[in-house]
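Student: Contents are TSV, C-alpha atoms and all ligand atoms; file name final-v8.tsv:
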```tsv
chain	number	residue	atom	x	y	z
A	74	MET	CA	-46.16	-34.41	-5.44
A	75	ALA	CA	-46.10	-34.08	-9.21
A	76	ILE	CA	-48.88	-31.53	-9.05
A	77	ILE	CA	-47.05	-29.44	-6.46
A	78	CYS	CA	-43.93	-29.44	-8.63
A	79	LEU	CA	-45.89	-28.35	-11.68
A	80	MET	CA	-47.48	-25.48	-9.79
A	81	LYS	CA	-44.12	-24.42	-8.44
A	82	ASP	CA	-42.64	-24.43	-11.93
A	83	GLN	CA	-45.28	-22.01	-13.07
A	84	ILE	CA	-44.06	-19.30	-10.74
A	85	VAL	CA	-41.83	-16.86	-12.58
A	86	ASP	CA	-39.26	-16.13	-9.90
A	87	LEU	CA	-37.21	-13.09	-10.89
A	88	ARG	CA	-36.24	-12.07	-7.36
A	89	SER	CA	-32.65	-13.18	-7.89
A	90	ASP	CA	-30.44	-15.56	-9.88
A	91	THR	CA	-29.95	-17.47	-6.61
A	92	VAL	CA	-33.37	-19.19	-6.85
A	93	THR	CA	-32.37	-21.83	-9.39
A	94	ARG	CA	-32.64	-25.56	-8.67
A	95	PRO	CA	-29.91	-28.01	-9.76
A	96	THR	CA	-30.48	-29.36	-13.28
A	97	PRO	CA	-30.73	-33.15	-13.71
A	98	GLY	CA	-27.12	-33.20	-14.97
A	99	MET	CA	-25.91	-31.24	-11.98
A	100	MET	CA	-27.88	-33.47	-9.60
A	101	GLN	CA	-26.28	-36.52	-11.23
A	102	ALA	CA	-22.82	-35.01	-10.74
A	103	MET	CA	-23.65	-34.35	-7.09
A	104	VAL	CA	-24.92	-37.83	-6.20
A	105	SER	CA	-21.99	-39.51	-7.89
A	106	ALA	CA	-19.36	-37.23	-6.32
A	107	LYS	CA	-16.32	-38.71	-4.61
A	108	VAL	CA	-16.11	-37.16	-1.16
A	109	GLY	CA	-13.88	-37.12	1.90
A	110	ASP	CA	-13.62	-34.85	4.92
A	111	ASP	CA	-12.65	-31.38	3.76
A	112	VAL	CA	-11.70	-30.23	7.27
A	113	PHE	CA	-9.02	-32.94	7.15
A	114	GLY	CA	-8.25	-31.70	3.63
A	115	ASP	CA	-9.02	-34.96	1.87
A	116	ASP	CA	-12.24	-34.34	-0.05
A	117	PRO	CA	-11.18	-34.93	-3.68
A	118	SER	CA	-14.12	-33.02	-5.19
A	119	VAL	CA	-13.45	-29.91	-3.10
A	120	ILE	CA	-9.74	-30.07	-3.97
A	121	ALA	CA	-10.60	-30.41	-7.67
A	122	LEU	CA	-13.02	-27.45	-7.56
A	123	GLU	CA	-10.55	-25.21	-5.75
A	124	LYS	CA	-7.83	-26.07	-8.28
A	125	LYS	CA	-10.13	-25.59	-11.24
A	126	ALA	CA	-11.42	-22.18	-10.12
A	127	ALA	CA	-7.91	-20.94	-9.25
A	128	ALA	CA	-6.65	-22.02	-12.69
A	129	ILE	CA	-9.36	-20.01	-14.48
A	130	PHE	CA	-7.83	-16.84	-13.00
A	131	GLY	CA	-4.21	-18.02	-12.92
A	132	MET	CA	-4.29	-17.79	-9.14
A	133	GLU	CA	-2.23	-20.16	-6.97
A	134	ALA	CA	-4.98	-21.48	-4.72
A	135	GLY	CA	-8.69	-21.47	-3.91
A	136	LEU	CA	-10.95	-21.97	-0.90
A	137	PHE	CA	-14.50	-23.33	-1.11
A	138	CYS	CA	-16.92	-21.52	1.22
A	139	PRO	CA	-20.66	-21.69	1.93
A	140	SER	CA	-21.42	-18.18	0.65
A	141	GLY	CA	-20.10	-15.11	-1.12
A	142	THR	CA	-20.61	-13.14	2.04
A	143	MET	CA	-18.12	-15.45	3.72
A	144	THR	CA	-15.54	-15.30	0.92
A	145	ASN	CA	-15.70	-11.48	0.92
A	146	GLN	CA	-15.57	-11.24	4.70
A	147	ILE	CA	-12.65	-13.66	4.95
A	148	ALA	CA	-10.77	-11.60	2.34
A	149	ILE	CA	-11.40	-8.38	4.25
A	150	LYS	CA	-10.30	-10.02	7.51
A	151	ALA	CA	-7.15	-11.42	5.93
A	152	HIS	CA	-6.16	-8.14	4.27
A	153	THR	CA	-6.82	-5.73	7.16
A	154	ARG	CA	-6.18	-5.14	10.84
A	155	PRO	CA	-8.70	-3.46	13.18
A	156	GLY	CA	-8.87	0.28	12.48
A	157	ASP	CA	-7.66	-0.04	8.90
A	158	GLU	CA	-9.84	1.45	6.16
A	159	VAL	CA	-11.56	-0.32	3.28
A	160	ILE	CA	-12.33	1.78	0.19
A	161	CYS	CA	-15.40	0.80	-1.86
A	162	ASP	CA	-18.48	2.06	-3.69
A	163	ILE	CA	-21.35	3.27	-1.52
A	164	GLY	CA	-23.69	0.57	-2.82
A	165	SER	CA	-21.22	-2.30	-2.71
A	166	HIS	CA	-22.38	-5.66	-1.39
A	167	ILE	CA	-19.57	-5.84	1.21
A	168	TYR	CA	-20.88	-2.62	2.77
A	169	LYS	CA	-24.62	-2.67	2.17
A	170	TYR	CA	-25.62	-6.33	2.18
A	171	GLU	CA	-23.28	-8.17	4.52
A	172	GLY	CA	-24.85	-7.16	7.81
A	173	GLY	CA	-22.11	-4.75	8.87
A	174	GLY	CA	-19.60	-7.59	8.60
A	175	ILE	CA	-16.68	-5.26	7.90
A	176	ALA	CA	-17.08	-3.87	11.41
A	177	PHE	CA	-18.30	-7.10	13.02
A	178	ASN	CA	-15.58	-9.39	11.69
A	179	SER	CA	-12.64	-7.10	10.99
A	180	GLY	CA	-13.18	-3.98	13.10
A	181	ALA	CA	-12.29	-2.00	9.99
A	182	SER	CA	-13.35	1.48	8.94
A	183	VAL	CA	-15.00	2.08	5.55
A	184	ARG	CA	-14.46	4.89	3.05
A	185	LEU	CA	-17.41	5.10	0.68
A	186	ILE	CA	-17.16	6.38	-2.87
A	187	GLN	CA	-20.10	7.44	-5.01
A	188	GLY	CA	-19.31	5.47	-8.13
A	189	ASP	CA	-21.01	5.39	-11.52
A	190	ARG	CA	-23.62	2.65	-11.14
A	191	GLY	CA	-21.39	0.86	-8.67
A	192	ARG	CA	-18.13	1.38	-10.54
A	193	ILE	CA	-15.34	3.42	-8.97
A	194	THR	CA	-12.38	4.98	-10.78
A	195	ALA	CA	-8.66	5.09	-10.04
A	196	GLU	CA	-8.95	8.89	-9.64
A	197	GLN	CA	-11.65	8.45	-7.00
A	198	VAL	CA	-9.61	5.83	-5.16
A	199	ALA	CA	-6.52	8.07	-5.25
A	200	ALA	CA	-8.51	10.95	-3.78
A	201	ASN	CA	-9.67	8.73	-0.91
A	202	ILE	CA	-6.36	7.25	0.22
A	203	ASN	CA	-5.47	8.77	3.58
A	204	PRO	CA	-2.12	10.49	4.08
A	205	ASP	CA	0.29	8.83	6.52
A	206	ASP	CA	-0.88	10.79	9.56
A	207	ILE	CA	-1.84	9.33	12.97
A	208	HIS	CA	-5.23	11.09	12.82
A	209	HIS	CA	-6.44	8.92	9.95
A	210	PRO	CA	-7.20	5.26	9.59
A	211	VAL	CA	-4.63	3.40	7.49
A	212	SER	CA	-6.03	2.94	3.98
A	213	ARG	CA	-5.43	-0.77	3.40
A	214	LEU	CA	-7.85	-2.35	0.96
A	215	VAL	CA	-9.81	-1.43	-2.15
A	216	VAL	CA	-12.77	-3.55	-3.24
A	217	ALA	CA	-14.34	-3.53	-6.70
A	218	GLU	CA	-17.56	-5.39	-7.61
A	219	ASN	CA	-17.92	-6.79	-11.15
A	220	THR	CA	-20.69	-6.96	-12.13
A	221	SER	CA	-22.16	-4.45	-9.70
A	222	ASN	CA	-25.42	-5.59	-8.13
A	223	ARG	CA	-26.64	-2.14	-6.96
A	224	GLY	CA	-25.37	-0.80	-10.26
A	225	GLY	CA	-27.96	-2.98	-12.02
A	226	GLY	CA	-25.47	-5.54	-13.34
A	227	SER	CA	-23.08	-2.91	-14.71
A	228	CYS	CA	-19.66	-4.05	-15.92
A	229	TYR	CA	-16.25	-2.53	-15.33
A	230	ASP	CA	-14.01	-1.47	-18.15
A	231	ALA	CA	-10.90	-3.69	-17.87
A	232	GLY	CA	-8.64	-0.64	-18.30
A	233	GLU	CA	-10.13	1.03	-15.23
A	234	LEU	CA	-9.52	-2.08	-13.13
A	235	GLN	CA	-5.93	-2.10	-14.39
A	236	ARG	CA	-5.49	1.56	-13.39
A	237	ILE	CA	-6.90	0.90	-9.89
A	238	SER	CA	-4.65	-2.16	-9.61
A	239	SER	CA	-1.53	-0.18	-10.54
A	240	LEU	CA	-2.47	2.53	-8.07
A	241	CYS	CA	-2.97	-0.05	-5.29
A	242	ARG	CA	0.47	-1.55	-5.99
A	243	GLU	CA	2.13	1.90	-6.01
A	244	ARG	CA	0.49	2.84	-2.73
A	245	SER	CA	0.79	-0.59	-1.04
A	246	LEU	CA	-2.95	-1.21	-0.86
A	247	LYS	CA	-4.57	-4.61	-1.38
A	248	PHE	CA	-7.16	-5.01	-4.13
A	249	HIS	CA	-10.07	-7.48	-3.80
A	250	LEU	CA	-12.63	-8.37	-6.45
A	251	ASP	CA	-16.18	-9.19	-5.41
A	252	GLY	CA	-16.81	-11.24	-8.52
A	253	ALA	CA	-20.10	-12.80	-7.41
A	254	ARG	CA	-21.22	-12.31	-11.03
A	255	PHE	CA	-17.79	-12.07	-12.68
A	256	PHE	CA	-18.79	-14.61	-15.35
A	257	ASN	CA	-21.73	-12.43	-16.38
A	258	ALA	CA	-19.22	-9.62	-16.93
A	259	MET	CA	-16.93	-11.99	-18.82
A	260	ILE	CA	-19.70	-13.10	-21.18
A	261	ALA	CA	-21.00	-9.55	-21.68
A	262	THR	CA	-17.69	-7.70	-22.14
A	263	GLY	CA	-15.09	-10.37	-22.87
A	264	ILE	CA	-13.01	-9.36	-19.84
A	265	ASP	CA	-10.18	-11.88	-19.54
A	266	PRO	CA	-10.07	-13.98	-16.33
A	267	LEU	CA	-6.29	-14.54	-16.50
A	268	GLU	CA	-5.62	-10.81	-16.81
A	269	THR	CA	-8.16	-10.25	-14.05
A	270	GLY	CA	-6.17	-12.64	-11.87
A	271	THR	CA	-3.04	-10.50	-12.27
A	272	ARG	CA	-4.87	-7.34	-11.16
A	273	PHE	CA	-6.21	-8.52	-7.80
A	274	ASP	CA	-4.75	-9.84	-4.55
A	275	SER	CA	-7.92	-11.86	-4.02
A	276	ILE	CA	-11.04	-12.76	-5.97
A	277	SER	CA	-14.42	-14.03	-4.79
A	278	ILE	CA	-16.74	-15.84	-7.22
A	279	CYS	CA	-20.21	-17.26	-6.59
A	280	LEU	CA	-21.43	-20.60	-7.90
A	281	SER	CA	-24.97	-20.13	-6.61
A	282	LYS	CA	-25.87	-17.06	-8.68
A	283	GLY	CA	-26.03	-17.27	-12.47
A	284	LEU	CA	-24.04	-20.49	-12.53
A	285	GLY	CA	-26.93	-22.34	-10.94
A	286	ALA	CA	-25.25	-24.35	-8.16
A	287	PRO	CA	-27.30	-24.77	-4.97
A	288	VAL	CA	-24.58	-23.53	-2.60
A	289	GLY	CA	-21.07	-22.20	-2.68
A	290	SER	CA	-18.51	-19.54	-3.43
A	291	LEU	CA	-14.76	-19.56	-3.91
A	292	LEU	CA	-12.06	-17.29	-2.61
A	293	LEU	CA	-8.95	-17.23	-4.82
A	294	GLY	CA	-5.48	-15.84	-4.20
A	295	SER	CA	-1.86	-16.73	-3.49
A	296	ALA	CA	-1.07	-19.96	-1.65
A	297	GLU	CA	-0.02	-17.98	1.43
A	298	PHE	CA	-3.20	-15.86	1.37
A	299	ILE	CA	-5.42	-18.94	1.05
A	300	ARG	CA	-3.55	-20.65	3.90
A	301	GLN	CA	-4.49	-17.68	6.09
A	302	ALA	CA	-8.03	-17.60	4.67
A	303	ARG	CA	-8.50	-21.28	5.53
A	304	ARG	CA	-7.76	-20.48	9.17
A	305	ILE	CA	-10.32	-17.65	9.18
A	306	ARG	CA	-12.94	-19.86	7.50
A	307	LYS	CA	-12.51	-22.36	10.34
A	308	VAL	CA	-12.97	-19.65	12.97
A	309	LEU	CA	-16.15	-18.44	11.25
A	310	GLY	CA	-17.51	-21.97	11.25
A	311	GLY	CA	-17.36	-22.28	7.48
A	312	ALA	CA	-15.25	-25.44	7.23
A	313	MET	CA	-17.49	-28.25	5.95
A	314	ARG	CA	-17.06	-32.03	5.96
A	315	GLN	CA	-18.38	-34.00	2.94
A	316	ALA	CA	-18.58	-30.75	1.03
A	317	GLY	CA	-17.63	-32.62	-2.14
A	318	TYR	CA	-21.32	-33.15	-2.91
A	319	LEU	CA	-21.63	-29.38	-3.19
A	320	ALA	CA	-18.26	-28.94	-4.87
A	321	ALA	CA	-19.35	-31.39	-7.57
A	322	ALA	CA	-22.26	-29.08	-8.37
A	323	GLY	CA	-19.76	-26.23	-8.61
A	324	ILE	CA	-17.49	-28.14	-11.00
A	325	TYR	CA	-20.51	-28.97	-13.13
A	326	ALA	CA	-21.56	-25.31	-13.10
A	327	LEU	CA	-18.13	-24.09	-14.24
A	328	ASP	CA	-18.11	-26.71	-17.01
A	329	HIS	CA	-21.66	-26.22	-18.29
A	330	HIS	CA	-23.23	-22.96	-17.17
A	331	ILE	CA	-20.86	-20.15	-18.12
A	332	LYS	CA	-21.44	-19.79	-21.87
A	333	ARG	CA	-25.20	-19.98	-21.48
A	334	LEU	CA	-25.21	-16.78	-19.40
A	335	SER	CA	-25.64	-14.97	-22.73
A	336	GLU	CA	-29.20	-16.36	-22.82
A	337	ASP	CA	-29.91	-14.68	-19.47
A	338	HIS	CA	-28.54	-11.40	-20.82
A	339	GLU	CA	-30.65	-11.68	-23.95
A	340	ARG	CA	-33.79	-12.32	-21.87
A	341	ALA	CA	-32.96	-9.41	-19.57
A	342	GLY	CA	-32.75	-7.16	-22.62
A	343	ARG	CA	-36.15	-8.40	-23.80
A	344	ILE	CA	-37.69	-7.71	-20.38
A	345	GLY	CA	-36.20	-4.22	-20.53
A	346	ARG	CA	-37.94	-3.56	-23.85
A	347	LEU	CA	-41.25	-4.83	-22.44
A	348	LEU	CA	-40.89	-2.48	-19.47
A	349	GLU	CA	-40.03	0.49	-21.65
A	350	ALA	CA	-43.39	-0.01	-23.37
A	351	CYS	CA	-45.25	0.13	-20.03
A	352	PRO	CA	-46.98	3.48	-19.34
A	353	PHE	CA	-46.34	3.17	-15.58
A	354	VAL	CA	-42.57	2.63	-15.95
A	355	THR	CA	-40.67	5.92	-15.91
A	356	GLN	CA	-37.15	4.62	-16.40
A	357	VAL	CA	-35.31	1.39	-17.14
A	358	ALA	CA	-31.64	1.51	-16.14
A	359	PRO	CA	-29.19	0.39	-18.87
A	360	ILE	CA	-29.18	-3.41	-19.02
A	361	GLU	CA	-25.68	-4.83	-19.42
A	362	THR	CA	-26.08	-8.35	-18.05
A	363	ASN	CA	-28.87	-10.28	-16.27
A	364	ILE	CA	-30.14	-7.59	-13.88
A	365	ILE	CA	-33.02	-5.24	-14.70
A	366	VAL	CA	-33.63	-2.20	-12.48
A	367	PHE	CA	-36.53	0.14	-13.23
A	368	THR	CA	-38.58	2.86	-11.61
A	369	LEU	CA	-42.35	3.24	-11.47
A	370	SER	CA	-44.44	6.37	-11.91
A	371	GLU	CA	-46.36	7.79	-8.92
A	372	GLU	CA	-49.62	6.31	-10.22
A	373	MET	CA	-48.19	2.84	-9.60
A	374	PRO	CA	-46.99	2.48	-6.00
A	375	ASP	CA	-44.24	-0.14	-5.83
A	376	GLU	CA	-46.10	-2.30	-3.30
A	377	ARG	CA	-49.15	-2.46	-5.54
A	378	PHE	CA	-47.00	-3.35	-8.56
A	379	LEU	CA	-45.22	-6.17	-6.69
A	380	HIS	CA	-48.55	-7.43	-5.32
A	381	ARG	CA	-50.14	-7.49	-8.78
A	382	LEU	CA	-47.19	-9.33	-10.23
A	383	LYS	CA	-47.36	-11.83	-7.40
A	384	GLU	CA	-51.04	-12.46	-8.07
A	385	ALA	CA	-50.07	-13.22	-11.66
A	386	GLY	CA	-47.46	-15.70	-10.38
A	387	ILE	CA	-44.45	-13.46	-10.95
A	388	LEU	CA	-41.95	-12.49	-8.25
A	389	ALA	CA	-39.62	-9.47	-8.26
A	390	ILE	CA	-38.12	-7.42	-5.42
A	391	GLY	CA	-38.15	-3.79	-4.31
A	392	PHE	CA	-34.79	-2.08	-4.82
A	393	GLY	CA	-35.41	1.34	-3.26
A	394	PRO	CA	-38.31	3.80	-3.42
A	395	GLN	CA	-40.47	3.10	-6.49
A	396	THR	CA	-37.63	0.97	-7.81
A	397	ILE	CA	-37.89	-2.71	-8.73
A	398	ARG	CA	-35.26	-5.31	-9.56
A	399	MET	CA	-35.69	-8.39	-11.72
A	400	VAL	CA	-32.94	-10.93	-12.43
A	401	THR	CA	-32.88	-13.55	-15.18
A	402	HIS	CA	-31.33	-16.99	-14.66
A	403	LEU	CA	-31.26	-20.53	-15.96
A	404	ASP	CA	-34.69	-21.48	-14.63
A	405	VAL	CA	-36.46	-18.84	-16.73
A	406	SER	CA	-38.22	-20.42	-19.72
A	407	ASP	CA	-39.77	-18.98	-22.87
A	408	ALA	CA	-43.22	-19.79	-21.46
A	409	MET	CA	-42.35	-17.71	-18.38
A	410	MET	CA	-41.23	-14.83	-20.61
A	411	GLU	CA	-44.63	-14.95	-22.33
A	412	LYS	CA	-46.41	-14.98	-19.00
A	413	LEU	CA	-44.43	-11.92	-17.90
A	414	ALA	CA	-45.15	-10.11	-21.16
A	415	GLY	CA	-48.88	-10.81	-20.71
A	416	ALA	CA	-48.90	-9.59	-17.13
A	417	LEU	CA	-47.09	-6.34	-18.00
A	418	LYS	CA	-49.45	-5.66	-20.91
A	419	ASN	CA	-52.42	-5.99	-18.61
A	420	GLY	CA	-50.81	-3.51	-16.22
B	1	LIG	C1	-24.88	-12.36	-3.91
B	1	LIG	C2	-23.69	-11.52	-3.79
B	1	LIG	C3	-22.66	-11.83	-2.90
B	1	LIG	C4	-22.68	-13.02	-1.97
B	1	LIG	O1	-23.88	-13.36	-1.47
B	1	LIG	P1	-24.21	-14.70	-0.69
B	1	LIG	O2	-25.69	-14.71	-0.72
B	1	LIG	O3	-23.63	-14.55	0.65
B	1	LIG	O4	-23.60	-15.86	-1.42
B	1	LIG	C5	-21.56	-11.01	-2.88
B	1	LIG	N1	-21.47	-9.96	-3.69
B	1	LIG	C6	-22.41	-9.64	-4.58
B	1	LIG	C7	-22.22	-8.49	-5.49
B	1	LIG	C8	-23.57	-10.41	-4.66
B	1	LIG	O5	-24.52	-10.08	-5.54
```
Write out the structure in this file as structure tokens.
Ligand SMILES: *Cc1c(COP(=O)(O)O)cnc(C)c1O
Tutor:
Amino acid sequence: MAIICLMKDQIVDLRSDTVTRPTPGMMQAMVSAKVGDDVFGDDPSVIALEKKAAAIFGMEAGLFCPSGTMTNQIAIKAHTRPGDEVICDIGSHIYKYEGGGIAFNSGASVRLIQGDRGRITAEQVAANINPDDIHHPVSRLVVAENTSNRGGGSCYDAGELQRISSLCRERSLKFHLDGARFFNAMIATGIDPLETGTRFDSISICLSKGLGAPVGSLLLGSAEFIRQARRIRKVLGGAMRQAGYLAAAGIYALDHHIKRLSEDHERAGRIGRLLEACPFVTQVAPIETNIIVFTLSEEMPDERFLHRLKEAGILAIGFGPQTIRMVTHLDVSDAMMEKLAGALKNG
């Protein structure tokens, strides 16, 4: 058993920041959690987590869910009616990576914007709001993603989010934040969570990405919105019983794993510099947080590159033609960084 664990530890898994295992401290928090039955609304750890996360953003209430896909999809369902239109970036997670859930769950139409590395502007949103005319779907919801995954971990400028928010209020549209990696943006840019809370009608955050919890996301919003969201979560089968064991990991993550995200960003920057020195790497996208996206020259087919890395005990994922993504997280060690540097030097 010990040998298997050691071998596993040697793998440098940069496929995503979701691959982390609970730290001993987090595990301790989980096993000693006070739990109840959250479907009956009496799991003290879940209640504490929902309150804590809502307070970070100055929101009234929170809802603990199994995944960020579910928190996003519940938000879309709660904000729209069938036939309404959702406005978002063309590469946004809600559109590209949630299995067509906008159509499946909400029967909504989507208006796609070509943003700048995943970031849309108020001007673009304004140009894509439909006039009040029976031919067009009713523009109902705008979704921003911060940081943007397809955008390579890019961060929004707070002023732009404020402009989109003001526009949404003027035009009676709802505004949802897919903040799966909001805390990476907060650490990188200093964006204020309380101000963020005033800009959005709903916010989704993930505990199982950079924060290192094994499972869980939170949907945040007004008390009335969360009441409605809780109903939708039940319908989707996302209401859990002794979920406090998982919520305890989330509380621990919010208490201990936010500030340290700067280490992930620093390591991502170092990996970027290693890649820039590689003859077979043609471009490294700007690195703002913990995501590294780069393209390979024709001489190095992406499949061969990924295979070679794998043979050296390093995992990354394809992110489009000749494009690779790596993500740093709290299970990346200095020894792993050295191993990666060695493997890239050897081509
Ligand atoms: C990971 C992610 C989600 C949620 O993913 P789950 O795997 O369902 O928890 C949502 N949005 C973005 C931008 C993500 O990267």
Student: Name the closest residue to Ala258 of chain A among the candidates A:Leu293, A:Ala231, A:Met100, A:Leu417; distances are taken between atoms, counting all atoms listed in the file.
Tutor: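 Closest to Ala258 of chain A, using all atoms listed in the file: A:Ala231.
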Student: Check the smallest atom-to-atom distance from each of A:Gly270, A:Gly226, A:Pro117, A:Gly188 to ligand LIG 1 (chain B) using only C-alpha atoms and all ligand atoms, then report the winner.
Tutor: A:Gly226
Student: Kindly indicate which residue among A:Leu388, A:Val216, A:Cys241, A:Leu246 lies nearest to Asp86 of chain A, using all atoms listed in the file for the distances.
Tutor: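 Ranked by minimum distance to Asp86 of chain A, first place goes to A:Leu388.
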Student: 10 Å from ligand LIG 1 (chain B) is the threshold here; counting all atoms listed in the file, which polymer residues fall inside it? Answer as a count of residues only.
Tutor: 47
Student: Give me the residues near Ala341 of chain A as a PDB file with C-alpha atoms, keeping the file's coordinate frame, where near means some atom within 7 Å (using all atoms listed in the file) and where sequence neighbours in that chain fewer than 6 positions away do not count.
Tutor:
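Written output follows (result-v9.pdb):
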```pdb
ATOM      1  CA  ASN A 363     -28.870 -10.280 -16.270  1.00  0.00           C
ATOM      2  CA  ILE A 364     -30.140  -7.590 -13.880  1.00  0.00           C
ATOM      3  CA  ILE A 365     -33.020  -5.240 -14.700  1.00  0.00           C
ATOM      4  CA  THR A 401     -32.880 -13.550 -15.180  1.00  0.00           C
TER       5      THR A 401
END
```
Student: Here is a test: counting all atoms listed in the file, which residue of A:Ile397, A:Met132, A:Met99, A:Ile237 is nearest to Ile276 of chain A?
Tutor: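 Among the listed residues, the smallest separation from Ile276 of chain A belongs to A:Met132.
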Student: Using all atoms listed in the file, which of the listed residues (A:Asp274, A:Asp407, A:Asp111, A:Leu319) sits closest to Phe298 of chain A?
Tutor: A:Asp274
Student: Tell me, counting all atoms listed in the file, for each residue of segment 277-360 of chain A within 10 Å of segment 371-377 of chain A, which pair of atoms is nearest and how far apart they are in Å to one decimal, in rows ordered by chain and increasing number, as JSON lines.
Tutor:
```
{"residue": "A:Pro352", "atom": "CA", "partner": "A:Met373", "partner_atom": "CA", "distance": 9.8}
{"residue": "A:Phe353", "atom": "CA", "partner": "A:Met373", "partner_atom": "CA", "distance": 6.3}
{"residue": "A:Val354", "atom": "CA", "partner": "A:Met373", "partner_atom": "CA", "distance": 8.5}
{"residue": "A:Thr355", "atom": "CA", "partner": "A:Glu371", "partner_atom": "CA", "distance": 9.2}
```
Student: Extract, using only C-alpha atoms, all DNA, RNA and protein residues at most 10 Å from Leu234 of chain A, discarding same-chain residues fewer than 6 positions from it, and format them as a ChimeraX atom specification.
Tutor: /A:192-195,217,219,240,248,250,269,272-273
Student: Name the closest residue to Gly317 of chain A among the candidates A:Lys107, A:Arg242, A:Lys332, A:Arg190; distances are taken between atoms, counting all atoms listed in the file.
Tutor: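 Distance minimum relative to Gly317 of chain A lands on A:Lys107.
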Student: Quick one: distance from atom CA of Ile186 of chain A to atom CA of Ile160 of chain A in Å, one decimal?
Tutor: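 Separation between atom CA of Ile186 of chain A and atom CA of Ile160 of chain A: 7.3 Å.
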Student: Could you check how far atom CA of Gly109 of chain A sits from atom CA of Leu292 of chain A, in Å to one decimal?
Tutor: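 Answer for the atom CA of Gly109 of chain A to atom CA of Leu292 of chain A separation: 20.4 Å.
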